[in-house]
file input-v1.txt (compact mmCIF, C-alpha atoms and all ligand atoms)
# COMPACT_ATOMS: atom_id res chain seq x y z
CA MET S 1 80.85 95.03 75.21
CA ILE S 2 80.59 97.11 72.07
CA SER S 3 77.51 96.71 69.95
CA LYS S 4 78.36 94.13 67.32
CA GLU S 5 75.63 95.70 65.22
CA LEU S 6 77.90 98.64 64.45
CA LEU S 7 80.56 96.45 62.85
CA LYS S 8 78.25 93.77 61.49
CA SER S 9 77.83 95.65 58.24
CA CYS S 10 80.18 98.55 58.88
CA LYS S 11 79.09 102.09 58.08
CA LEU S 12 81.29 103.86 60.59
CA CYS S 13 82.93 106.15 58.05
CA PRO S 14 81.81 107.83 54.80
CA ARG S 15 82.93 104.79 52.78
CA LYS S 16 79.95 102.90 54.24
CA CYS S 17 81.53 99.84 52.67
CA GLY S 18 79.35 97.44 54.66
CA ALA S 19 82.22 95.09 55.56
CA GLU S 20 81.09 92.27 57.86
CA ARG S 21 83.87 92.87 60.33
CA PHE S 22 82.54 90.48 62.97
CA ALA S 23 82.41 87.76 60.34
CA GLY S 24 86.17 88.05 59.85
CA LYS S 25 86.05 90.42 56.87
CA LEU S 26 88.27 93.50 56.53
CA GLY S 27 86.84 96.81 55.38
CA PHE S 28 88.21 99.20 52.75
CA CYS S 29 90.17 100.59 55.69
CA ARG S 30 91.82 97.13 56.27
CA ALA S 31 90.36 97.01 59.79
CA GLY S 32 88.59 93.97 61.19
CA ALA S 33 86.70 93.51 64.45
CA GLU S 34 89.79 93.36 66.68
CA ILE S 35 91.71 96.42 67.84
CA LYS S 36 95.05 96.60 66.03
CA ILE S 37 97.75 99.14 66.81
CA ALA S 38 101.37 99.45 65.68
CA ARG S 39 102.88 101.77 68.29
CA ALA S 40 102.09 103.32 71.66
CA ASP S 41 104.65 105.80 72.91
CA LEU S 42 105.41 109.36 73.93
CA HIS S 43 105.73 111.48 70.80
CA MET S 44 107.44 114.89 70.59
CA TRP S 45 106.61 115.79 67.00
CA GLU S 46 103.05 117.08 67.37
CA GLU S 47 102.18 120.79 67.69
CA PRO S 48 103.78 122.39 70.81
CA PRO S 49 100.59 122.56 72.96
CA ILE S 50 99.98 118.86 72.21
CA SER S 51 103.51 117.48 72.70
CA GLY S 52 104.42 119.91 75.49
CA THR S 53 107.57 119.01 77.40
CA ASN S 54 106.79 115.36 78.19
CA GLY S 55 105.29 114.24 74.89
CA SER S 56 101.90 113.22 73.58
CA GLY S 57 100.75 109.69 74.40
CA THR S 58 100.25 108.54 70.83
CA VAL S 59 98.55 105.30 69.90
CA PHE S 60 98.87 104.53 66.18
CA PHE S 61 95.99 102.42 64.90
CA SER S 62 96.44 100.07 61.94
CA GLY S 63 94.35 100.68 58.84
CA CYS S 64 92.90 103.88 57.41
CA ASN S 65 89.78 104.84 55.51
CA LEU S 66 91.63 107.13 53.09
CA GLN S 67 94.62 105.20 51.67
CA CYS S 68 96.41 108.32 50.42
CA CYS S 69 98.98 107.59 47.72
CA PHE S 70 101.61 109.66 49.59
CA CYS S 71 101.02 108.21 53.07
CA GLN S 72 104.21 108.24 55.14
CA ASN S 73 102.71 105.60 57.46
CA HIS S 74 101.65 103.24 54.66
CA VAL S 75 103.10 100.17 56.39
CA ILE S 76 100.34 100.49 58.97
CA SER S 77 97.63 102.33 57.01
CA ALA S 78 97.72 100.09 53.94
CA GLU S 79 99.93 97.09 54.65
CA GLY S 80 98.41 95.98 57.95
CA LYS S 81 101.43 96.09 60.23
CA GLY S 82 100.45 96.04 63.89
CA PHE S 83 99.40 93.84 66.78
CA VAL S 84 96.05 92.97 68.28
CA LEU S 85 94.92 94.22 71.69
CA THR S 86 91.79 93.58 73.72
CA ALA S 87 89.80 96.60 74.90
CA LYS S 88 91.20 96.00 78.41
CA GLU S 89 94.77 95.97 77.03
CA LEU S 90 94.07 99.20 75.15
CA ALA S 91 92.76 100.77 78.37
CA ASP S 92 95.94 99.62 80.14
CA THR S 93 97.99 101.11 77.31
CA PHE S 94 96.31 104.50 77.82
CA LEU S 95 97.04 104.30 81.57
CA MET S 96 100.66 103.26 80.93
CA LEU S 97 101.16 106.36 78.75
CA GLN S 98 99.56 108.54 81.41
CA ASP S 99 101.89 107.03 84.05
CA ARG S 100 104.86 107.88 81.82
CA GLY S 101 103.87 111.55 81.91
CA ALA S 102 101.97 111.97 78.64
CA HIS S 103 100.11 115.27 78.40
CA ASN S 104 97.27 113.54 76.57
CA ILE S 105 96.21 110.33 74.84
CA ASN S 106 96.52 110.85 71.09
CA LEU S 107 94.39 108.45 69.02
CA VAL S 108 96.01 108.43 65.58
CA THR S 109 93.76 107.40 62.66
CA ALA S 110 91.13 105.98 64.96
CA ALA S 111 87.98 106.45 62.85
CA THR S 112 87.66 102.77 62.06
CA TYR S 113 87.84 101.70 65.73
CA VAL S 114 85.56 104.21 67.45
CA PRO S 115 83.25 101.65 69.18
CA GLN S 116 86.23 99.66 70.46
CA ILE S 117 87.99 102.82 71.67
CA ILE S 118 84.91 103.93 73.57
CA GLU S 119 84.84 100.51 75.24
CA ALA S 120 88.50 100.95 76.27
CA LEU S 121 87.88 104.49 77.55
CA ASP S 122 84.94 103.19 79.61
CA ILE S 123 87.20 100.50 81.11
CA ALA S 124 89.88 103.07 81.99
CA GLY S 125 87.17 105.30 83.51
CA ASP S 126 88.17 107.99 86.01
CA LYS S 127 91.71 106.59 86.31
CA LEU S 128 92.42 108.22 82.96
CA ASN S 129 92.36 111.96 83.58
CA ILE S 130 94.38 113.55 80.77
CA PRO S 131 92.77 114.98 77.59
CA ILE S 132 91.85 112.62 74.77
CA VAL S 133 93.00 113.77 71.33
CA TYR S 134 91.30 112.43 68.21
CA ASN S 135 93.85 112.68 65.40
CA SER S 136 92.07 112.16 62.09
CA GLY S 137 92.41 112.33 58.33
CA GLY S 138 89.17 114.30 58.44
CA TYR S 139 87.08 111.77 56.49
CA GLU S 140 84.45 111.11 59.15
CA ASN S 141 80.76 110.40 59.61
CA ILE S 142 78.78 112.87 61.72
CA GLU S 143 77.02 109.97 63.52
CA THR S 144 80.36 108.39 64.46
CA LEU S 145 81.69 111.72 65.75
CA GLU S 146 78.56 112.12 67.85
CA MET S 147 79.48 108.84 69.60
CA LEU S 148 82.63 110.61 70.82
CA ARG S 149 80.73 113.37 72.64
CA GLY S 150 82.05 113.51 76.22
CA TYR S 151 84.99 111.21 75.40
CA VAL S 152 87.20 113.41 73.20
CA ASP S 153 88.56 116.78 74.34
CA ILE S 154 90.70 117.81 71.38
CA PHE S 155 90.18 117.17 67.69
CA LEU S 156 93.20 117.21 65.40
CA PRO S 157 91.73 116.70 61.92
CA ASP S 158 93.35 117.12 58.53
CA LEU S 159 91.64 119.19 55.90
CA LYS S 160 93.53 117.84 52.92
CA TYR S 161 91.78 118.86 49.71
CA TYR S 162 89.06 121.17 48.43
CA SER S 163 88.94 119.70 44.93
CA GLY S 164 87.06 116.45 44.48
CA GLU S 165 89.35 115.62 41.59
CA LEU S 166 92.44 115.82 43.79
CA SER S 167 90.85 113.88 46.64
CA SER S 168 89.69 111.22 44.20
CA ASP S 169 93.07 110.92 42.49
CA TYR S 170 95.20 110.95 45.65
CA SER S 171 92.93 109.38 48.30
CA GLY S 172 90.18 107.63 46.36
CA ALA S 173 87.50 109.83 47.97
CA SER S 174 85.79 112.26 45.61
CA ASP S 175 83.42 113.33 48.43
CA TYR S 176 86.30 114.18 50.79
CA PHE S 177 85.76 117.93 51.17
CA GLY S 178 82.02 117.70 51.78
CA CYS S 179 82.54 115.04 54.48
CA ALA S 180 85.60 116.67 56.05
CA SER S 181 84.10 120.17 56.15
CA ARG S 182 80.86 118.95 57.78
CA SER S 183 82.96 116.91 60.23
CA LEU S 184 85.03 119.92 61.16
CA ILE S 185 81.93 121.95 62.03
CA LYS S 186 80.70 119.01 64.13
CA MET S 187 84.07 118.68 65.91
CA HIS S 188 83.96 122.34 66.88
CA GLU S 189 80.41 121.92 68.15
CA LEU S 190 81.57 118.97 70.31
CA VAL S 191 84.56 120.60 72.03
CA GLY S 192 84.35 124.36 71.45
CA SER S 193 87.15 126.88 71.08
CA PRO S 194 90.76 126.24 72.18
CA LYS S 195 91.58 126.19 75.89
CA PHE S 196 95.00 125.81 77.51
CA ASP S 197 96.35 125.25 81.00
CA GLU S 198 98.77 127.62 82.75
CA ASN S 199 101.71 125.93 80.99
CA GLY S 200 100.28 126.35 77.51
CA ILE S 201 99.23 122.71 77.18
CA MET S 202 96.01 122.34 75.20
CA LYS S 203 93.00 121.04 77.14
CA ARG S 204 90.16 121.43 74.63
CA GLY S 205 89.52 122.60 71.10
CA VAL S 206 90.27 121.93 67.45
CA ILE S 207 93.52 122.23 65.52
CA VAL S 208 93.01 121.92 61.76
CA ARG S 209 96.01 120.49 59.96
CA HIS S 210 96.72 121.18 56.33
CA LEU S 211 99.65 119.67 54.48
CA VAL S 212 100.65 121.87 51.55
CA LEU S 213 101.13 119.56 48.56
CA PRO S 214 103.28 120.34 45.51
CA SER S 215 101.40 121.99 42.63
CA CYS S 216 98.31 122.44 44.86
CA ARG S 217 98.65 125.93 46.37
CA HIS S 218 95.44 127.16 44.74
CA ASP S 219 93.54 124.26 46.28
CA SER S 220 95.12 125.17 49.63
CA ALA S 221 93.90 128.75 49.12
CA LYS S 222 90.31 127.51 48.71
CA ILE S 223 90.62 125.57 51.97
CA ILE S 224 91.90 128.59 53.86
CA GLY S 225 89.11 130.69 52.32
CA TRP S 226 86.50 128.16 53.46
CA LEU S 227 87.95 128.15 56.99
CA ALA S 228 87.83 131.96 57.08
CA ASP S 229 84.20 131.92 55.91
CA ASN S 230 83.13 129.38 58.53
CA PHE S 231 85.21 130.09 61.66
CA THR S 232 86.40 133.18 63.47
CA PRO S 233 90.12 133.26 64.36
CA ASN S 234 89.43 132.48 68.02
CA GLU S 235 87.38 129.35 67.26
CA ILE S 236 90.08 127.10 65.76
CA LEU S 237 93.84 126.88 65.37
CA ILE S 238 95.51 126.06 62.06
CA SER S 239 98.61 123.94 61.69
CA LEU S 240 100.18 124.41 58.28
CA MET S 241 102.55 121.59 57.44
CA SER S 242 105.43 121.63 54.98
CA GLN S 243 106.69 118.10 55.59
CA TYR S 244 105.51 116.61 52.30
CA THR S 245 108.11 114.31 50.73
CA PRO S 246 107.38 111.90 47.87
CA MET S 247 106.83 108.51 49.47
CA TYR S 248 104.97 105.31 48.73
CA LYS S 249 103.00 105.52 45.42
CA ALA S 250 103.55 109.28 45.09
CA LYS S 251 107.08 108.70 43.80
CA ASP S 252 105.51 107.54 40.52
CA ILE S 253 103.04 110.43 40.19
CA GLU S 254 104.68 113.34 38.39
CA ALA S 255 102.87 116.16 40.21
CA LEU S 256 103.69 114.61 43.59
CA SER S 257 107.23 113.48 42.85
CA ARG S 258 108.92 116.54 44.36
CA ARG S 259 108.80 118.35 47.67
CA THR S 260 106.57 121.37 48.17
CA SER S 261 108.62 124.45 47.30
CA THR S 262 109.37 127.26 49.75
CA PHE S 263 107.38 129.60 47.48
CA GLU S 264 104.31 127.33 47.61
CA TYR S 265 104.46 126.89 51.36
CA GLU S 266 104.99 130.58 52.10
CA TYR S 267 102.17 131.53 49.71
CA VAL S 268 99.76 129.52 51.88
CA CYS S 269 101.34 130.80 55.13
CA ARG S 270 100.60 134.39 54.03
CA LEU S 271 96.96 133.48 53.36
CA VAL S 272 96.58 131.98 56.84
CA GLU S 273 98.15 135.06 58.43
CA GLY S 274 96.02 137.36 56.28
CA CYS S 275 92.86 135.70 57.59
CA GLY S 276 94.00 136.38 61.17
CA PHE S 277 94.19 132.74 62.23
CA ASP S 278 96.56 131.71 64.98
CA GLY S 279 98.39 128.42 64.80
CA PHE S 280 101.59 126.72 63.85
CA PHE S 281 103.94 126.86 60.91
CA GLN S 282 106.30 123.95 60.44
CA GLN S 283 110.01 124.36 59.97
CA ARG S 284 111.10 123.33 56.47
CA SER S 285 113.71 121.07 58.11
CA ALA S 286 110.83 118.91 59.32
CA ALA S 287 110.44 117.45 55.84
CA GLU S 288 112.55 114.40 56.54
CA ASP S 289 111.99 110.73 57.23
CA LYS S 290 112.81 111.22 60.92
CA TYR S 291 109.13 112.05 61.43
CA VAL S 292 108.12 108.50 60.54
CA PRO S 293 108.25 106.55 63.78
CA GLU S 294 109.11 102.87 64.12
CA PHE S 295 106.13 100.54 63.93
CA PHE S 296 105.80 97.07 65.46
CA ASP S 297 103.99 93.83 64.65
CA LYS S 298 104.30 92.40 68.16
CA LYS S 299 103.40 93.96 71.48
CA TYR S 300 106.66 95.43 72.77
CA TYR S 301 105.76 97.21 76.02
S1 LIG V 401 85.36 102.13 58.90
FE1 LIG V 401 86.32 100.72 57.44
S2 LIG V 401 84.93 98.97 57.33
FE2 LIG V 401 83.79 100.68 58.24
S3 LIG V 401 82.76 101.73 56.53
FE3 LIG V 401 84.72 102.75 56.83
S4 LIG V 401 86.14 101.72 55.43
FE4 LIG V 401 84.35 100.38 55.66

call {"tool": "encode", "arguments": {"input": "input-v1.txt", "output": "structure tokens"}}
result
Amino acid sequence: MISKELLKSCKLCPRKCGAERFAGKLGFCRAGAEIKIARADLHMWEEPPISGTNGSGTVFFSGCNLQCCFCQNHVISAEGKGFVLTAKELADTFLMLQDRGAHNINLVTAATYVPQIIEALDIAGDKLNIPIVYNSGGYENIETLEMLRGYVDIFLPDLKYYSGELSSDYSGASDYFGCASRSLIKMHELVGSPKFDENGIMKRGVIVRHLVLPSCRHDSAKIIGWLADNFTPNEILISLMSQYTPMYKAKDIEALSRRTSTFEYEYVCRLVEGCGFDGFFQQRSAAEDKYVPEFFDKKYY
């Protein structure tokens, strides 16, 4: 059983909102005490060493501690779509994905369920023998990440904003960069530098994702500069994403109401290359709705 103390007055993430999740209350993140997911399937749209040839075994958790105004998955992050699983059912879900050939188990937006996920991973035990990927918006507590030591093999965090003004306006988190940058250093401490198998499938390490937003290339430059000041090129990989499209509340925000231009995206690509980082650059054609998977409110597998 997970410690009810952790969710009694929840402080799992930097919001520290104190929601009494075991008393039936939802946190800022919209998560309660029960595990809620909206999809578990093989997914081909992650970075090549994560998706590989068979796909990544993604589990999309409902709720999110950031609530970004441009979230493409807002039906699950903000609107609560999903279905409830016990820890045993979540463990069985991981094993089902492994049986289907997944290269890894990819926990998408899992920060608000870390104690329950650890319980499920303990239930699965040695039967689950593929890497565990922790796919995060980057807004994490160091203490919560420490709980994942020995459970997670690959961290896939976003580093979204440098400016507190941007992170406040777009994600309601003025302390985002301080939390996310400290978390990133902790993630690297937990899993080390990237390692791959003989087929190029990632086994350990950190891939930092950055989505280039419209009108924000100078903020992106500060992020790349911080990464270059704090990591050598062989310590992390960078995934630079161009897929931004105005969705959800962003359609009504002038600065976010257009796609990122080719000039803006390539400006940031050149900075990444200039710093010597290895990683992944996304095709501009990826900026379409096809990257939003179908979500479910009833268990379907
Ligand atoms: S995980 Fe959710 S409930 Fe817990 S502190 Fe963060 S926002 Fe609040």

call {"tool": "closest_atom_pairs", "arguments": {"input": "input-v1.txt", "of": "chain S", "to": "ligand LIG 401 (chain V)", "cutoff": "10 Å", "atoms": "all atoms listed in the file", "output": "CSV"}}
result
residue,atom,partner,partner_atom,distance
S:Leu6,CA,V:LIG401,FE2,8.8
S:Leu7,CA,V:LIG401,FE2,7.0
S:Lys8,CA,V:LIG401,S2,9.4
S:Ser9,CA,V:LIG401,FE2,7.8
S:Cys10,CA,V:LIG401,FE2,4.2
S:Lys11,CA,V:LIG401,S3,4.0
S:Leu12,CA,V:LIG401,FE2,4.7
S:Cys13,CA,V:LIG401,FE3,4.0
S:Pro14,CA,V:LIG401,FE3,6.2
S:Arg15,CA,V:LIG401,S3,4.8
S:Lys16,CA,V:LIG401,S3,3.8
S:Cys17,CA,V:LIG401,FE4,4.1
S:Gly18,CA,V:LIG401,S3,5.8
S:Ala19,CA,V:LIG401,S2,5.1
S:Glu20,CA,V:LIG401,S2,7.7
S:Arg21,CA,V:LIG401,S2,6.9
S:Lys25,CA,V:LIG401,S2,8.6
S:Leu26,CA,V:LIG401,S2,6.5
S:Gly27,CA,V:LIG401,S2,3.5
S:Phe28,CA,V:LIG401,S4,4.2
S:Cys29,CA,V:LIG401,S4,4.2
S:Arg30,CA,V:LIG401,FE1,6.7
S:Ala31,CA,V:LIG401,FE1,6.0
S:Gly32,CA,V:LIG401,S2,7.3
S:Ala33,CA,V:LIG401,S2,9.1
S:Gly63,CA,V:LIG401,FE1,8.2
S:Cys64,CA,V:LIG401,FE1,7.3
S:Asn65,CA,V:LIG401,S4,4.8
S:Leu66,CA,V:LIG401,S4,8.1
S:Gln67,CA,V:LIG401,S4,9.9
S:Ala110,CA,V:LIG401,S1,9.2
S:Ala111,CA,V:LIG401,S1,6.4
S:Thr112,CA,V:LIG401,S1,4.0
S:Tyr113,CA,V:LIG401,S1,7.3
S:Val114,CA,V:LIG401,S1,8.8
S:Tyr139,CA,V:LIG401,FE3,9.3
S:Glu140,CA,V:LIG401,FE3,8.7
S:Asn141,CA,V:LIG401,FE3,9.1
S:Thr144,CA,V:LIG401,S1,9.8

call {"tool": "write_last_selection", "arguments": {"input": "input-v1.txt", "atoms": "C-alpha atoms", "output": "short mmCIF file (atom, residue, chain, number, x, y, z; two decimals), in the frame of the given file"}}
result
data_model
loop_
_atom_site.label_atom_id
_atom_site.label_comp_id
_atom_site.auth_asym_id
_atom_site.auth_seq_id
_atom_site.Cartn_x
_atom_site.Cartn_y
_atom_site.Cartn_z
CA LEU S 6 77.90 98.64 64.45
CA LEU S 7 80.56 96.45 62.85
CA LYS S 8 78.25 93.77 61.49
CA SER S 9 77.83 95.65 58.24
CA CYS S 10 80.18 98.55 58.88
CA LYS S 11 79.09 102.09 58.08
CA LEU S 12 81.29 103.86 60.59
CA CYS S 13 82.93 106.15 58.05
CA PRO S 14 81.81 107.83 54.80
CA ARG S 15 82.93 104.79 52.78
CA LYS S 16 79.95 102.90 54.24
CA CYS S 17 81.53 99.84 52.67
CA GLY S 18 79.35 97.44 54.66
CA ALA S 19 82.22 95.09 55.56
CA GLU S 20 81.09 92.27 57.86
CA ARG S 21 83.87 92.87 60.33
CA LYS S 25 86.05 90.42 56.87
CA LEU S 26 88.27 93.50 56.53
CA GLY S 27 86.84 96.81 55.38
CA PHE S 28 88.21 99.20 52.75
CA CYS S 29 90.17 100.59 55.69
CA ARG S 30 91.82 97.13 56.27
CA ALA S 31 90.36 97.01 59.79
CA GLY S 32 88.59 93.97 61.19
CA ALA S 33 86.70 93.51 64.45
CA GLY S 63 94.35 100.68 58.84
CA CYS S 64 92.90 103.88 57.41
CA ASN S 65 89.78 104.84 55.51
CA LEU S 66 91.63 107.13 53.09
CA GLN S 67 94.62 105.20 51.67
CA ALA S 110 91.13 105.98 64.96
CA ALA S 111 87.98 106.45 62.85
CA THR S 112 87.66 102.77 62.06
CA TYR S 113 87.84 101.70 65.73
CA VAL S 114 85.56 104.21 67.45
CA TYR S 139 87.08 111.77 56.49
CA GLU S 140 84.45 111.11 59.15
CA ASN S 141 80.76 110.40 59.61
CA THR S 144 80.36 108.39 64.46
#

call {"tool": "closest_residue", "arguments": {"input": "input-v1.txt", "among": "S:Arg182, S:His218, S:Lys195, S:His103", "to": "Leu166 (chain S)", "atoms": "all atoms listed in the file"}}
result
S:His218

call {"tool": "residues_around", "arguments": {"input": "input-v1.txt", "residues": "Cys68 (chain S)", "least_positions_apart": "6", "cutoff": "10 Å", "atoms": "only C-alpha atoms", "output": "compact mmCIF listing (two decimals) with C-alpha atoms, in the frame of the given file"}}
result
# COMPACT_ATOMS: atom_id res chain seq x y z
CA HIS S 74 101.65 103.24 54.66
CA SER S 77 97.63 102.33 57.01
CA ALA S 78 97.72 100.09 53.94
CA GLY S 137 92.41 112.33 58.33
CA SER S 167 90.85 113.88 46.64
CA SER S 168 89.69 111.22 44.20
CA ASP S 169 93.07 110.92 42.49
CA TYR S 170 95.20 110.95 45.65
CA SER S 171 92.93 109.38 48.30
CA GLY S 172 90.18 107.63 46.36
CA ALA S 173 87.50 109.83 47.97
CA TYR S 248 104.97 105.31 48.73
CA LYS S 249 103.00 105.52 45.42
CA ALA S 250 103.55 109.28 45.09

call {"tool": "atom_distance", "arguments": {"input": "input-v1.txt", "atom1": "CA of His188 (chain S)", "atom2": "CA of Asp219 (chain S)"}}
result
22.8 Å

call {"tool": "closest_residue", "arguments": {"input": "input-v1.txt", "among": "S:Glu266, S:Leu211, S:Phe196, S:Phe60", "to": "Thr245 (chain S)", "atoms": "all atoms listed in the file"}}
result
S:Leu211

call {"tool": "closest_residue", "arguments": {"input": "input-v1.txt", "among": "S:Leu159, S:Arg204, S:Asn234, S:Ala255", "to": "Ser220 (chain S)", "atoms": "only C-alpha atoms"}}
result
S:Leu159

call {"tool": "closest_residue", "arguments": {"input": "input-v1.txt", "among": "S:Asp278, S:Asp252, S:Glu46, S:Glu273", "to": "Val108 (chain S)", "atoms": "all atoms listed in the file"}}
result
S:Glu46

call {"tool": "closest_atom_pairs", "arguments": {"input": "input-v1.txt", "of": "region 94-124 of chain S", "to": "region 149-156 of chain S", "cutoff": "10 Å", "atoms": "only C-alpha atoms", "output": "CSV"}}
result
residue,atom,partner,partner_atom,distance
S:Asn104,CA,S:Ile154,CA,9.4
S:Ile105,CA,S:Val152,CA,9.7
S:Asn106,CA,S:Ile154,CA,9.1
S:Leu107,CA,S:Leu156,CA,9.6
S:Val108,CA,S:Leu156,CA,9.2
S:Ile117,CA,S:Tyr151,CA,9.7
S:Ile118,CA,S:Tyr151,CA,7.5
S:Leu121,CA,S:Tyr151,CA,7.6
S:Asp122,CA,S:Tyr151,CA,9.1

call {"tool": "residues_around", "arguments": {"input": "input-v1.txt", "residues": "Pro48 (chain S)", "least_positions_apart": "6", "cutoff": "12 Å", "atoms": "only C-alpha atoms", "output": "ChimeraX atom specification"}}
result
/S:54-56,103,196,199-202,207,239,279-282

call {"tool": "atom_distance", "arguments": {"input": "input-v1.txt", "atom1": "CA of Pro115 (chain S)", "atom2": "CA of Asp297 (chain S)"}}
result
22.6 Å

call {"tool": "closest_residue", "arguments": {"input": "input-v1.txt", "among": "S:Tyr161, S:Phe177, S:Tyr300, S:Tyr134", "to": "Cys216 (chain S)", "atoms": "all atoms listed in the file"}}
result
S:Tyr161

call {"tool": "atom_distance", "arguments": {"input": "input-v1.txt", "atom1": "CA of Ser261 (chain S)", "atom2": "CA of Ile76 (chain S)"}}
result
27.9 Å

call {"tool": "axis_aligned_box", "arguments": {"input": "input-v1.txt", "around": "region 128-141 of chain S", "padding_each_side": "5 Å", "output": "JSON"}}
result
{"center_x": 87.6, "center_y": 111.6, "center_z": 70.0, "size_x": 23.6, "size_y": 16.8, "size_z": 37.1}

call {"tool": "closest_residue", "arguments": {"input": "input-v1.txt", "among": "S:Pro194, S:Gly125, S:Val208, S:Ala180", "to": "Pro157 (chain S)", "atoms": "only C-alpha atoms"}}
result
S:Val208

call {"tool": "residues_around", "arguments": {"input": "input-v1.txt", "residues": "Glu254 (chain S)", "least_positions_apart": "5", "cutoff": "12 Å", "atoms": "only C-alpha atoms", "output": "list of chain:residue names"}}
result
S:Pro214, S:Ser215, S:Pro246, S:Lys249, S:Arg259

call {"tool": "residues_around", "arguments": {"input": "input-v1.txt", "residues": "Tyr265 (chain S)", "least_positions_apart": "2", "cutoff": "9 Å", "atoms": "all atoms listed in the file", "output": "list in words"}}
result
Val212, Leu213, Pro214, Arg217, Leu240, Met241, Ser242, Thr260, Ser261, Thr262, Phe263, Tyr267, Val268, Cys269 and Arg270 of chain S
